[in-house]
file query.txt (compact mmCIF, C-alpha atoms)
# COMPACT_ATOMS: atom_id res chain seq x y z
CA MET A 28 -68.89 94.39 -65.83
CA THR A 29 -68.95 96.97 -68.64
CA ALA A 30 -66.19 97.18 -71.23
CA VAL A 31 -63.31 99.48 -70.36
CA ARG A 32 -60.69 101.22 -72.42
CA ILE A 33 -57.06 100.55 -71.75
CA GLY A 34 -54.75 103.50 -71.34
CA ASP A 35 -57.24 106.19 -70.12
CA ALA A 36 -55.88 106.29 -66.65
CA LEU A 37 -54.70 107.78 -63.47
CA SER A 38 -51.46 106.66 -61.82
CA PRO A 39 -51.66 102.96 -60.77
CA SER A 40 -50.62 103.89 -57.23
CA THR A 41 -53.94 105.72 -56.75
CA LEU A 42 -55.98 102.61 -57.54
CA VAL A 43 -55.17 100.59 -54.45
CA LYS A 44 -57.35 100.99 -51.36
CA ARG A 45 -55.51 99.64 -48.35
CA GLN A 46 -57.48 98.12 -45.49
CA ALA A 47 -56.80 98.59 -41.82
CA LEU A 48 -56.10 94.91 -41.25
CA SER A 49 -52.74 93.28 -40.58
CA LEU A 50 -51.77 89.69 -39.82
CA ARG A 51 -48.60 89.59 -37.78
CA PRO A 52 -46.48 86.65 -36.62
CA ASP A 53 -47.38 85.26 -33.21
CA PRO A 54 -44.59 83.40 -31.39
CA ALA A 55 -47.14 81.96 -28.96
CA ARG A 56 -48.47 79.68 -31.70
CA VAL A 57 -46.60 76.38 -31.42
CA VAL A 58 -46.76 72.86 -32.80
CA MET A 59 -45.16 69.69 -31.46
CA ARG A 60 -42.36 68.25 -33.59
CA HIS A 61 -40.23 65.15 -33.23
CA PHE A 62 -36.95 65.74 -31.45
CA LYS A 63 -34.14 63.55 -32.77
CA PRO A 64 -30.82 63.85 -30.91
CA SER A 65 -28.87 63.51 -34.12
CA THR A 66 -25.69 65.00 -35.50
CA GLU A 67 -26.87 64.24 -39.05
CA PRO A 68 -29.93 65.61 -40.86
CA ARG A 69 -31.12 62.15 -41.91
CA ASP A 70 -30.75 58.80 -40.14
CA LEU A 71 -29.29 58.27 -36.70
CA THR A 72 -25.59 57.45 -36.54
CA PRO A 73 -24.32 54.81 -34.08
CA THR A 74 -23.32 57.63 -31.73
CA ASP A 75 -26.80 59.13 -31.93
CA THR A 76 -28.39 55.74 -31.29
CA LYS A 77 -26.34 55.39 -28.11
CA ARG A 78 -27.55 58.82 -27.01
CA VAL A 79 -31.17 57.80 -27.59
CA MET A 80 -30.60 54.67 -25.49
CA HIS A 81 -28.97 56.73 -22.72
CA ILE A 82 -32.07 58.94 -22.54
CA VAL A 83 -34.42 55.95 -22.40
CA ASP A 84 -32.22 54.27 -19.80
CA ARG A 85 -32.46 57.36 -17.57
CA VAL A 86 -36.24 57.33 -17.79
CA LEU A 87 -36.45 53.61 -16.98
CA ALA A 88 -34.09 54.03 -14.03
CA LEU A 89 -36.70 56.16 -12.22
CA ASP A 90 -38.76 54.36 -9.62
CA PRO A 91 -42.53 54.46 -10.28
CA PRO A 92 -43.34 57.38 -7.91
CA SER A 93 -40.51 59.49 -9.36
CA ALA A 94 -41.55 58.70 -12.94
CA GLN A 95 -45.14 59.69 -12.13
CA GLN A 96 -43.94 62.94 -10.54
CA GLN A 97 -41.82 63.81 -13.58
CA LEU A 98 -44.73 63.16 -15.91
CA GLU A 99 -47.00 65.36 -13.80
CA GLU A 100 -44.42 68.17 -13.98
CA VAL A 101 -44.39 67.89 -17.78
CA LEU A 102 -48.18 68.02 -17.86
CA GLU A 103 -48.23 71.04 -15.56
CA ASN A 104 -45.95 72.88 -17.98
CA PHE A 105 -47.53 71.87 -21.31
CA GLU A 106 -51.11 70.72 -20.82
CA GLY A 107 -53.51 73.23 -22.33
CA ARG A 108 -51.05 74.15 -25.08
CA HIS A 109 -51.80 71.11 -27.28
CA ARG A 110 -54.66 68.76 -28.03
CA GLU A 111 -54.44 65.19 -26.65
CA LEU A 112 -51.01 65.69 -25.12
CA LEU A 113 -50.73 62.31 -23.38
CA ALA A 114 -51.85 60.44 -26.50
CA THR A 115 -49.19 62.28 -28.49
CA PHE A 116 -46.52 61.24 -26.00
CA GLU A 117 -47.59 57.60 -26.34
CA THR A 118 -47.73 57.77 -30.14
CA ARG A 119 -44.21 59.18 -30.25
CA ALA A 120 -42.83 56.38 -28.06
CA ASP A 121 -44.71 53.71 -30.04
CA ALA A 122 -43.20 55.02 -33.29
CA MET A 123 -39.61 54.67 -32.05
CA GLU A 124 -38.31 51.37 -33.37
CA ILE A 125 -35.43 51.24 -30.90
CA VAL A 126 -37.88 51.24 -27.98
CA HIS A 127 -39.54 48.08 -29.34
CA SER A 128 -36.34 46.30 -30.39
CA VAL A 129 -34.21 46.91 -27.28
CA TYR A 130 -36.50 47.42 -24.31
CA SER A 131 -39.08 45.17 -22.72
CA PRO A 132 -42.65 46.47 -22.60
CA LEU A 133 -42.88 49.79 -20.79
CA THR A 134 -45.47 50.90 -18.33
CA GLN A 135 -47.89 53.56 -19.50
CA VAL A 136 -46.11 56.21 -17.44
CA GLN A 137 -42.72 55.18 -18.88
CA ARG A 138 -44.06 55.26 -22.45
CA ARG A 139 -45.49 58.71 -21.92
CA LEU A 140 -42.32 60.06 -20.36
CA VAL A 141 -40.11 58.51 -23.04
CA GLY A 142 -42.33 60.04 -25.74
CA ALA A 143 -42.11 63.46 -24.10
CA CYS A 144 -38.31 63.26 -24.16
CA PHE A 145 -38.35 62.98 -27.95
CA LEU A 146 -40.74 65.84 -28.71
CA HIS A 147 -40.34 69.60 -28.62
CA GLU A 148 -42.37 72.72 -29.25
CA TYR A 149 -41.70 74.75 -32.39
CA SER A 150 -42.94 78.31 -32.81
CA PHE A 151 -43.70 78.03 -36.50
CA GLU A 152 -44.47 81.71 -37.17
CA ALA A 153 -42.14 83.34 -34.65
CA ALA A 154 -40.15 85.20 -37.32
CA ALA A 155 -42.62 85.99 -40.11
CA LEU A 156 -46.11 85.51 -41.53
CA PHE A 157 -46.11 86.60 -45.14
CA ASN A 158 -46.57 85.91 -48.87
CA PRO A 159 -50.31 85.19 -48.71
CA SER A 160 -52.65 83.79 -51.35
CA ILE A 161 -56.45 83.77 -51.26
CA VAL A 162 -59.23 81.52 -52.61
CA ALA A 163 -62.95 81.18 -52.06
CA HIS A 164 -63.79 78.69 -49.29
CA PRO A 165 -65.30 75.42 -50.59
CA ASP A 166 -68.21 75.96 -48.16
CA GLN A 167 -70.27 79.03 -49.07
CA SER A 168 -73.38 78.07 -47.10
CA ALA A 169 -75.14 80.81 -45.11
CA VAL A 170 -73.08 83.58 -46.76
CA ALA A 171 -74.87 86.88 -47.40
CA SER A 172 -75.62 87.73 -51.03
CA GLY A 173 -72.58 89.37 -52.60
CA GLY A 174 -70.28 88.21 -49.83
CA CYS A 175 -67.77 85.37 -49.88
CA ARG A 176 -66.18 83.09 -47.31
CA ILE A 177 -62.42 82.86 -47.96
CA ILE A 178 -59.35 80.80 -47.11
CA LEU A 179 -56.02 82.54 -46.83
CA SER A 180 -52.75 80.64 -47.03
CA LEU A 181 -49.60 82.17 -45.59
CA ARG A 182 -45.93 81.34 -45.41
CA ALA A 183 -44.89 81.04 -41.77
CA VAL A 184 -41.22 81.14 -40.74
CA GLY A 185 -39.80 80.04 -37.42
CA GLU A 186 -36.43 79.18 -35.89
CA GLY A 187 -33.79 78.25 -38.45
CA HIS A 188 -35.70 80.01 -41.26
CA VAL A 189 -37.86 76.93 -41.81
CA SER A 190 -41.00 77.73 -43.80
CA SER A 191 -44.39 76.05 -43.50
CA ILE A 192 -47.91 76.69 -44.80
CA THR A 193 -50.55 77.93 -42.41
CA PHE A 194 -54.14 79.04 -42.99
CA ARG A 195 -56.77 81.55 -41.93
CA SER A 196 -60.46 81.77 -42.74
CA GLY A 197 -62.47 84.93 -43.15
CA MET A 198 -65.18 86.80 -45.02
CA LEU A 199 -65.47 89.35 -47.79
CA THR A 200 -68.43 91.67 -47.34
CA PRO A 201 -70.46 92.70 -50.40
CA GLY A 202 -68.60 96.01 -50.26
CA GLY A 203 -65.18 94.35 -50.39
CA SER A 204 -64.11 94.69 -46.76
CA VAL A 205 -62.05 91.78 -45.41
CA THR A 206 -62.47 90.24 -41.98
CA ILE A 207 -60.29 87.40 -40.70
CA ASP A 208 -61.56 84.93 -38.11
CA PRO A 209 -59.70 84.66 -34.79
CA THR A 210 -57.03 81.97 -34.75
CA ALA A 211 -57.65 78.78 -32.84
CA ARG A 212 -56.01 78.16 -29.49
CA PHE A 213 -54.14 75.10 -30.75
CA ALA A 214 -52.05 74.31 -33.82
CA SER A 215 -50.94 70.96 -35.19
CA ILE A 216 -49.13 69.26 -38.03
CA PRO A 217 -50.89 66.51 -40.03
CA HIS A 218 -50.50 62.76 -40.01
CA LEU A 219 -48.25 61.48 -42.78
CA GLN A 220 -49.74 58.87 -45.11
CA ARG A 221 -47.06 57.12 -47.18
CA PRO A 222 -46.43 55.61 -49.56
CA VAL A 223 -49.31 56.84 -51.68
CA PRO A 224 -50.64 54.05 -53.93
CA GLY A 225 -50.77 54.57 -57.68
CA PRO A 226 -48.41 55.82 -60.39
CA ARG A 227 -47.15 58.85 -58.42
CA SER A 228 -45.04 56.92 -55.93
CA ASP A 229 -42.87 60.00 -55.26
CA CYS A 230 -45.76 61.98 -53.76
CA VAL A 231 -46.80 62.07 -50.10
CA GLU A 232 -50.19 62.55 -48.52
CA VAL A 233 -50.88 64.30 -45.26
CA GLN A 234 -54.15 64.21 -43.32
CA PHE A 235 -55.43 66.45 -40.54
CA ASP A 236 -57.95 65.23 -38.01
CA ALA A 237 -61.51 65.96 -39.11
CA GLY A 238 -63.12 69.04 -37.65
CA GLY A 239 -61.36 71.81 -35.83
CA ASP A 240 -60.58 75.24 -37.16
CA ILE A 241 -58.55 75.63 -40.35
CA SER A 242 -56.16 77.98 -38.52
CA GLU A 243 -55.01 74.95 -36.47
CA ARG A 244 -53.54 73.27 -39.57
CA VAL A 245 -49.86 73.71 -40.36
CA ILE A 246 -48.25 71.89 -43.29
CA PHE A 247 -44.67 71.38 -42.24
CA PRO A 248 -41.86 69.96 -44.41
CA VAL A 249 -42.18 66.17 -44.63
CA THR A 250 -39.59 65.12 -47.22
CA GLU A 251 -35.84 65.63 -47.54
CA ALA A 252 -36.36 67.96 -50.52
CA GLN A 253 -38.58 70.16 -48.32
CA SER A 254 -36.48 69.92 -45.18
CA ASN A 255 -35.67 73.65 -44.98
CA GLY A 256 -39.03 74.89 -46.13
CA ILE A 257 -42.25 74.81 -48.11
CA GLU A 258 -42.16 78.29 -49.57
CA ASP A 259 -44.62 80.66 -51.27
CA ALA A 260 -47.67 78.51 -51.99
CA ARG A 261 -49.74 79.98 -54.83
CA PHE A 262 -53.24 78.57 -54.32
CA VAL A 263 -55.83 78.48 -57.09
CA ALA A 264 -59.32 76.99 -57.40
CA PHE A 265 -59.03 74.88 -60.57
CA GLU A 266 -62.21 74.10 -62.49
CA ASP A 267 -62.32 71.05 -64.77
CA GLY A 268 -65.48 69.44 -66.10
CA GLY A 269 -67.66 70.81 -63.33
CA SER A 270 -65.37 69.68 -60.50
CA ARG A 271 -63.15 71.92 -58.40
CA THR A 272 -59.74 71.08 -56.96
CA PHE A 273 -57.55 73.47 -55.03
CA TYR A 274 -53.96 73.38 -56.26
CA ALA A 275 -50.93 75.24 -54.98
CA THR A 276 -47.55 75.42 -56.63
CA TYR A 277 -44.75 76.01 -54.12
CA THR A 278 -40.98 75.88 -53.76
CA ALA A 279 -39.43 72.98 -51.88
CA TYR A 280 -36.05 73.92 -50.35
CA ASN A 281 -33.57 71.63 -48.61
CA GLY A 282 -30.98 74.24 -47.70
CA ARG A 283 -29.00 73.74 -50.89
CA ALA A 284 -31.35 73.21 -53.83
CA ILE A 285 -34.88 74.13 -54.84
CA ARG A 286 -37.56 72.45 -56.92
CA SER A 287 -41.18 73.20 -57.76
CA GLU A 288 -43.85 70.96 -56.28
CA LEU A 289 -47.64 70.80 -56.41
CA LEU A 290 -50.06 70.55 -53.51
CA GLU A 291 -53.66 69.51 -54.09
CA THR A 292 -56.76 69.25 -51.91
CA ARG A 293 -60.53 69.34 -52.14
CA ASP A 294 -61.36 69.94 -48.49
CA PHE A 295 -58.26 71.48 -46.85
CA GLU A 296 -58.06 68.44 -44.55
CA ARG A 297 -56.30 65.94 -46.82
CA PHE A 298 -53.43 67.17 -48.99
CA THR A 299 -51.23 65.47 -51.59
CA LEU A 300 -47.76 66.91 -52.28
CA THR A 301 -46.07 65.91 -55.52
CA PRO A 302 -42.71 66.90 -57.04
CA LEU A 303 -43.07 68.40 -60.52
CA LYS A 304 -40.86 67.14 -63.34
CA GLY A 305 -39.35 68.78 -66.38
CA PRO A 306 -36.93 71.64 -67.12
CA ALA A 307 -39.51 74.33 -66.33
CA THR A 308 -39.69 73.21 -62.69
CA HIS A 309 -36.09 74.04 -61.79
CA ASN A 310 -36.90 77.66 -60.94
CA LYS A 311 -39.17 79.34 -58.44
CA GLY A 312 -42.56 80.93 -58.82
CA MET A 313 -44.70 78.71 -61.02
CA ALA A 314 -48.43 79.59 -61.08
CA LEU A 315 -51.21 77.48 -62.58
CA PHE A 316 -54.05 78.94 -64.64
CA PRO A 317 -57.46 78.23 -63.01
CA ARG A 318 -58.65 76.14 -65.97
CA LYS A 319 -57.29 74.49 -69.09
CA ILE A 320 -56.53 76.69 -72.09
CA ASN A 321 -57.56 75.13 -75.41
CA GLY A 322 -57.52 71.70 -73.77
CA HIS A 323 -54.10 72.04 -72.12
CA TYR A 324 -52.91 72.84 -68.63
CA ALA A 325 -51.16 76.20 -68.57
CA MET A 326 -48.62 77.67 -66.20
CA ILE A 327 -46.76 80.97 -65.77
CA GLY A 328 -43.15 80.47 -64.69
CA ARG A 329 -39.67 81.95 -64.72
CA GLN A 330 -36.94 79.98 -66.46
CA ASP A 331 -34.02 82.38 -66.87
CA ASN A 332 -34.10 84.10 -63.47
CA GLU A 333 -35.35 87.37 -64.90
CA SER A 334 -38.34 86.95 -67.27
CA LEU A 335 -41.75 85.27 -67.33
CA TYR A 336 -42.71 82.38 -69.61
CA LEU A 337 -45.96 80.73 -70.66
CA ILE A 338 -45.84 76.93 -70.43
CA TYR A 339 -48.37 74.36 -71.66
CA SER A 340 -48.60 70.69 -70.70
CA ASP A 341 -50.92 67.73 -71.10
CA ASP A 342 -49.52 66.29 -67.86
CA LEU A 343 -50.20 68.29 -64.70
CA TYR A 344 -47.00 66.94 -63.12
CA ALA A 345 -44.52 67.43 -66.00
CA TRP A 346 -43.57 70.77 -67.55
CA ASP A 347 -41.17 71.39 -70.41
CA GLU A 348 -39.73 74.75 -71.39
CA GLY A 349 -42.19 77.47 -72.35
CA ILE A 350 -42.27 80.55 -74.55
CA ALA A 351 -41.09 83.99 -73.47
CA LEU A 352 -43.98 86.15 -72.29
CA LEU A 353 -42.78 89.19 -70.32
CA GLU A 354 -39.30 90.59 -69.75
CA PRO A 355 -38.16 93.52 -67.61
CA ARG A 356 -39.19 96.76 -69.32
CA PHE A 357 -39.66 99.52 -66.76
CA PRO A 358 -37.02 100.80 -64.30
CA TRP A 359 -38.81 99.37 -61.22
CA GLU A 360 -38.42 95.84 -62.69
CA PHE A 361 -35.01 96.11 -64.40
CA VAL A 362 -33.40 93.38 -62.24
CA GLN A 363 -36.10 90.71 -62.72
CA ILE A 364 -39.81 90.08 -62.89
CA GLY A 365 -41.93 87.20 -61.66
CA ASN A 366 -45.56 86.32 -61.14
CA CYS A 367 -47.59 87.11 -58.04
CA GLY A 368 -50.00 84.21 -58.21
CA SER A 369 -52.27 82.50 -60.70
CA PRO A 370 -53.84 84.56 -63.50
CA ILE A 371 -57.35 85.87 -62.75
CA GLU A 372 -59.96 85.50 -65.48
CA LEU A 373 -61.78 88.69 -66.54
CA GLU A 374 -64.07 89.40 -69.47
CA GLU A 375 -61.22 91.40 -71.03
CA GLY A 376 -58.55 88.73 -70.62
CA TRP A 377 -56.29 87.17 -67.99
CA LEU A 378 -55.12 89.56 -65.29
CA LEU A 379 -51.61 88.59 -64.23
CA LEU A 380 -50.19 90.22 -61.12
CA THR A 381 -46.41 90.49 -61.28
CA HIS A 382 -43.56 91.46 -59.06
CA GLY A 383 -40.70 93.60 -60.26
CA VAL A 384 -37.27 93.96 -58.69
CA GLY A 385 -35.43 97.21 -59.29
CA PRO A 386 -32.47 99.17 -57.88
CA MET A 387 -31.43 98.17 -54.37
CA ARG A 388 -33.49 94.98 -54.88
CA ARG A 389 -36.71 96.81 -54.09
CA TYR A 390 -39.75 94.59 -54.78
CA CYS A 391 -42.94 96.16 -56.19
CA ILE A 392 -46.23 94.66 -57.41
CA GLY A 393 -47.41 95.31 -60.96
CA ALA A 394 -49.89 93.82 -63.43
CA ALA A 395 -50.35 92.76 -67.06
CA LEU A 396 -53.34 91.72 -69.17
CA LEU A 397 -53.10 88.62 -71.38
CA ASP A 398 -55.39 87.60 -74.22
CA LYS A 399 -58.07 85.18 -73.00
CA GLU A 400 -57.81 82.69 -75.88
CA ASN A 401 -54.09 83.12 -76.51
CA PRO A 402 -52.32 84.11 -73.26
CA ALA A 403 -49.03 84.33 -75.16
CA LYS A 404 -50.33 87.67 -76.44
CA VAL A 405 -49.76 90.50 -73.97
CA LEU A 406 -52.49 93.10 -74.37
CA ALA A 407 -51.29 95.65 -71.84
CA ARG A 408 -49.25 96.18 -68.70
CA LEU A 409 -48.82 98.75 -65.96
CA PRO A 410 -45.98 101.23 -66.49
CA GLU A 411 -45.83 101.98 -62.75
CA PRO A 412 -46.27 99.69 -59.73
CA LEU A 413 -49.62 99.11 -58.07
CA LEU A 414 -47.88 98.71 -54.73
CA ARG A 415 -44.41 99.68 -53.64
CA PRO A 416 -42.70 99.64 -50.23
CA GLU A 417 -43.77 102.70 -48.27
CA ARG A 418 -41.19 104.75 -46.43
CA SER A 419 -43.19 104.34 -43.23
CA ALA A 420 -43.29 100.52 -43.52
CA ARG A 421 -40.14 99.39 -45.26
CA GLU A 422 -38.32 97.75 -42.36
CA GLY A 423 -38.57 94.07 -41.55
CA TYR A 424 -37.01 90.66 -42.01
CA VAL A 425 -36.25 91.59 -45.64
CA PRO A 426 -36.57 95.37 -46.09
CA ASN A 427 -38.00 97.12 -49.16
CA VAL A 428 -40.35 94.32 -50.26
CA VAL A 429 -44.07 94.03 -51.01
CA TYR A 430 -45.19 90.67 -52.38
CA THR A 431 -48.23 88.47 -52.88
CA CYS A 432 -48.76 84.85 -53.89
CA GLY A 433 -52.28 85.33 -55.22
CA ALA A 434 -55.32 87.60 -55.32
CA MET A 435 -58.94 86.88 -56.21
CA ARG A 436 -61.82 88.55 -57.98
CA GLN A 437 -64.99 89.62 -56.19
CA ALA A 438 -67.55 91.17 -58.55
CA ASP A 439 -65.89 94.28 -60.06
CA ARG A 440 -62.92 94.39 -57.68
CA ILE A 441 -59.70 92.53 -56.94
CA ILE A 442 -59.00 91.45 -53.35
CA LEU A 443 -55.25 91.59 -52.81
CA PRO A 444 -53.55 90.17 -49.72
CA TYR A 445 -49.89 91.16 -49.69
CA ALA A 446 -46.82 90.89 -47.50
CA VAL A 447 -44.64 93.69 -46.19
CA CYS A 448 -40.90 93.19 -45.81
CA ASP A 449 -41.26 89.39 -45.58
CA THR A 450 -42.62 89.94 -42.08
CA PHE A 451 -46.40 90.49 -41.91
CA SER A 452 -49.40 90.65 -44.23
CA ASN A 453 -51.90 93.35 -45.18
CA PHE A 454 -54.94 93.62 -47.49
CA ALA A 455 -55.96 95.96 -50.29
CA THR A 456 -58.66 96.18 -52.96
CA MET A 457 -58.82 97.77 -56.41
CA ASP A 458 -61.50 98.43 -58.97
CA ILE A 459 -61.00 96.27 -62.07
CA GLY A 460 -62.15 98.96 -64.50
CA GLU A 461 -59.78 101.54 -63.04
CA LEU A 462 -56.94 99.01 -63.07
CA LEU A 463 -57.40 98.22 -66.75
CA ARG A 464 -57.61 101.90 -67.65
CA ALA A 465 -54.27 102.43 -65.94
CA MET A 466 -52.53 99.94 -68.26
CA VAL A 467 -50.74 100.85 -71.48
CA PRO A 468 -51.06 98.71 -74.62

call {"tool": "encode", "arguments": {"input": "query.txt", "output": "structure tokens"}}
result
Amino acid sequence: MTAVRIGDALSPSTLVKRQALSLRPDPARVVMRHFKPSTEPRDLTPTDTKRVMHIVDRVLALDPPSAQQQLEEVLENFEGRHRELLATFETRADAMEIVHSVYSPLTQVQRRLVGACFLHEYSFEAAALFNPSIVAHPDQSAVASGGCRIILSLRAVGEGHVSSITFRSGMLTPGGSVTIDPTARFASIPHLQRPVPGPRSDCVEVQFDAGGDISERVIFPVTEAQSNGIEDARFVAFEDGGSRTFYATYTAYNGRAIRSELLETRDFERFTLTPLKGPATHNKGMALFPRKINGHYAMIGRQDNESLYLIYSDDLYAWDEGIALLEPRFPWEFVQIGNCGSPIELEEGWLLLTHGVGPMRRYCIGAALLDKENPAKVLARLPEPLLRPERSAREGYVPNVVYTCGAMRQADRIILPYAVCDTFSNFATMDIGELLRAMVP
């Protein structure tokens, strides 16, 4: 890419080329979750335990032909909507301690019917599919020259405003067009592996079955701190010593408090989720640089609810307070600013996409350029938004919002997935040279 001059530009709003591609929430996509007839969010109370026993007692009171008939009715309703349905019923019953401690061995039909009574379907993206981030797929075999296979992460929201992470795969053509693969027929949550051996005893590991399409995989909250949602994952391909790990910072929310956590994977089948420590992790929106800076991990975060900070650490899982980097400057960001994903490395510096909140809490997407060797030095920023809510598409779950959790570079362009009104997701591209010329020093 040839050198460009900063400040020679057209309006930033003319730089973005929107694509005719939308990803919208689909209430037909469901996963199976454990049903716990509980009045408390955590362990069963004595009253709840009695209710569980009443349900099991009713199943065991059925004579064998009636039990078989009931199981066949369940299968008629739900078979074809999930993989290995009968095995899932049995696994659920086997995992219930009260079944083993109170009841004599059950027949296979009884086990399956008991398991079905303590499961339910959850439409994980019934309300929204938004706040995407994008990375290059770890498998680039058989991709045309200049193209790129991609993985898109999205925040899915279902009943009760519970957020999870879901995925799509797709391709970038050499010309920058985006195509997204069809979603799989099934969806599933991973197996929980805990505790995880080693020094990080507070982390959890989840594992999906090998094979299958990536769009089947849904990372649902698995800890108490995440119980109301895993929100706004900012994925980045992190390079260190010739190896690549995919990390994602995200917000864990339990309905009362938030904290920043880190997800990591190499293959998008096995994931480790770890709480982050330190004063910098008590706010939302942390984003990891894609490599170390002068031998240190580096993060962009918000510590005072309105400005962006640069934070360094020698420990990937502990982050102290950082140094002030960007504060609200232009009217469209007067209320607060934040990052829109990990910085993107260019020859000219680090491109940092930002979000700005202005009057009437309207969210727009902007950008800044940081020095490559010293990211604390801001070289330039956009005086006007790249993207703002359009009058024709400003209604949704949260009106007047455009937002992204991460873009990527492809040759001389930026590929930008973005959400509209916290409801659905679109795609846009922009020329890097034109973008830099639109910035002011």

call {"tool": "closest_residue", "arguments": {"input": "query.txt", "among": "A:Ala214, A:Ala455, A:Arg293, A:Ile192", "to": "Ala47 in chain A", "atoms": "only C-alpha atoms"}}
result
A:Ala455

call {"tool": "residues_around", "arguments": {"input": "query.txt", "residues": "Gly174 in chain A", "least_positions_apart": "6", "cutoff": "7 Å", "atoms": "all atoms listed in the file", "output": "ChimeraX atom specification"}}
result
/A:199-201

call {"tool": "residues_around", "arguments": {"input": "query.txt", "residues": "Lys304 in chain A", "least_positions_apart": "4", "cutoff": "8 Å", "atoms": "all atoms listed in the file", "output": "list in words"}}
result
Thr308, Tyr344, Ala345 and Trp346 of chain A

call {"tool": "residues_near_point", "arguments": {"input": "query.txt", "point": "(-40.3, 89.5, -39.5)", "cutoff": "6 Å", "atoms": "only C-alpha atoms", "output": "PyMOL selection string"}}
result
chain A and resi 154-155+423-424+450

call {"tool": "write_last_selection", "arguments": {"input": "query.txt", "atoms": "C-alpha atoms", "output": "compact mmCIF listing (two decimals), in the coordinates of the input"}}
result
# COMPACT_ATOMS: atom_id res chain seq x y z
CA ALA A 154 -40.15 85.20 -37.32
CA ALA A 155 -42.62 85.99 -40.11
CA GLY A 423 -38.57 94.07 -41.55
CA TYR A 424 -37.01 90.66 -42.01
CA THR A 450 -42.62 89.94 -42.08

call {"tool": "residues_around", "arguments": {"input": "query.txt", "residues": "Asn158 in chain A", "least_positions_apart": "2", "cutoff": "8 Å", "atoms": "all atoms listed in the file", "output": "list in words"}}
result
Leu156, Ser160, Leu181, Arg182, Asp259, Tyr430, Thr431, Cys432, Tyr445, Ala446, Asp449 and Ser452 of chain A

call {"tool": "residues_near_point", "arguments": {"input": "query.txt", "point": "(-63.0, 70.0, -56.5)", "cutoff": "12 Å", "atoms": "all atoms listed in the file", "output": "list in words"}}
result
His164, Pro165, Asp166, Val263, Ala264, Phe265, Glu266, Asp267, Gly268, Gly269, Ser270, Arg271, Thr272, Phe273, Tyr274, Glu291, Thr292, Arg293, Asp294, Phe295 and Pro317 of chain A

call {"tool": "atom_distance", "arguments": {"input": "query.txt", "atom1": "CA of Ala395 in chain A", "atom2": "CA of Glu258 in chain A"}}
result
24.1 Å

call {"tool": "closest_residue", "arguments": {"input": "query.txt", "among": "A:Leu343, A:Cys391, A:Val447, A:Ile320", "to": "Leu290 in chain A", "atoms": "all atoms listed in the file"}}
result
A:Leu343

call {"tool": "closest_residue", "arguments": {"input": "query.txt", "among": "A:Arg244, A:Lys399, A:Arg297, A:Arg286", "to": "Glu375 in chain A", "atoms": "all atoms listed in the file"}}
result
A:Lys399

call {"tool": "closest_residue", "arguments": {"input": "query.txt", "among": "A:Arg464, A:His323, A:Arg85, A:His188", "to": "Leu337 in chain A", "atoms": "only C-alpha atoms"}}
result
A:His323

call {"tool": "residues_around", "arguments": {"input": "query.txt", "residues": "range 170-173 of chain A", "least_positions_apart": "2", "cutoff": "9 Å", "atoms": "only C-alpha atoms", "output": "PyMOL selection string"}}
result
chain A and resi 167-168+175-176+198-202+437-438

call {"tool": "atom_distance", "arguments": {"input": "query.txt", "atom1": "CA of Leu413 in chain A", "atom2": "CA of Val43 in chain A"}}
result
6.8 Å

call {"tool": "atom_distance", "arguments": {"input": "query.txt", "atom1": "CA of Val189 in chain A", "atom2": "CA of Ile285 in chain A"}}
result
13.7 Å

call {"tool": "closest_residue", "arguments": {"input": "query.txt", "among": "A:Met313, A:Leu352, A:Cys367, A:Leu50", "to": "Thr210 in chain A", "atoms": "all atoms listed in the file"}}
result
A:Leu50

call {"tool": "closest_residue", "arguments": {"input": "query.txt", "among": "A:Val126, A:Val405, A:Leu378, A:Ile338", "to": "Gly460 in chain A", "atoms": "only C-alpha atoms"}}
result
A:Leu378

call {"tool": "build_atoms", "arguments": {"input": "query.txt", "residues": "range 147-154 of chain A", "atoms": "N, CA and C atoms", "output": "mmCIF file, in the frame of the given file"}}
result
data_model
loop_
_atom_site.group_PDB
_atom_site.id
_atom_site.type_symbol
_atom_site.label_atom_id
_atom_site.label_comp_id
_atom_site.auth_asym_id
_atom_site.auth_seq_id
_atom_site.Cartn_x
_atom_site.Cartn_y
_atom_site.Cartn_z
ATOM 1 N N HIS A 147 -40.609 68.229 -29.047
ATOM 2 C CA HIS A 147 -40.340 69.600 -28.620
ATOM 3 C C HIS A 147 -41.339 70.537 -29.277
ATOM 4 N N GLU A 148 -41.521 71.701 -28.670
ATOM 5 C CA GLU A 148 -42.370 72.720 -29.250
ATOM 6 C C GLU A 148 -41.595 73.531 -30.286
ATOM 7 N N TYR A 149 -42.308 73.903 -31.355
ATOM 8 C CA TYR A 149 -41.700 74.750 -32.390
ATOM 9 C C TYR A 149 -42.653 75.904 -32.677
ATOM 10 N N SER A 150 -42.147 77.113 -32.534
ATOM 11 C CA SER A 150 -42.940 78.310 -32.810
ATOM 12 C C SER A 150 -42.843 78.610 -34.299
ATOM 13 N N PHE A 151 -43.837 78.093 -35.046
ATOM 14 C CA PHE A 151 -43.700 78.030 -36.500
ATOM 15 C C PHE A 151 -43.816 79.372 -37.191
ATOM 16 N N GLU A 152 -44.388 80.399 -36.529
ATOM 17 C CA GLU A 152 -44.470 81.710 -37.170
ATOM 18 C C GLU A 152 -43.803 82.787 -36.311
ATOM 19 N N ALA A 153 -42.786 82.391 -35.556
ATOM 20 C CA ALA A 153 -42.140 83.340 -34.650
ATOM 21 C C ALA A 153 -41.452 84.469 -35.402
ATOM 22 N N ALA A 154 -40.919 84.192 -36.591
ATOM 23 C CA ALA A 154 -40.150 85.200 -37.320
ATOM 24 C C ALA A 154 -40.984 85.979 -38.324
#
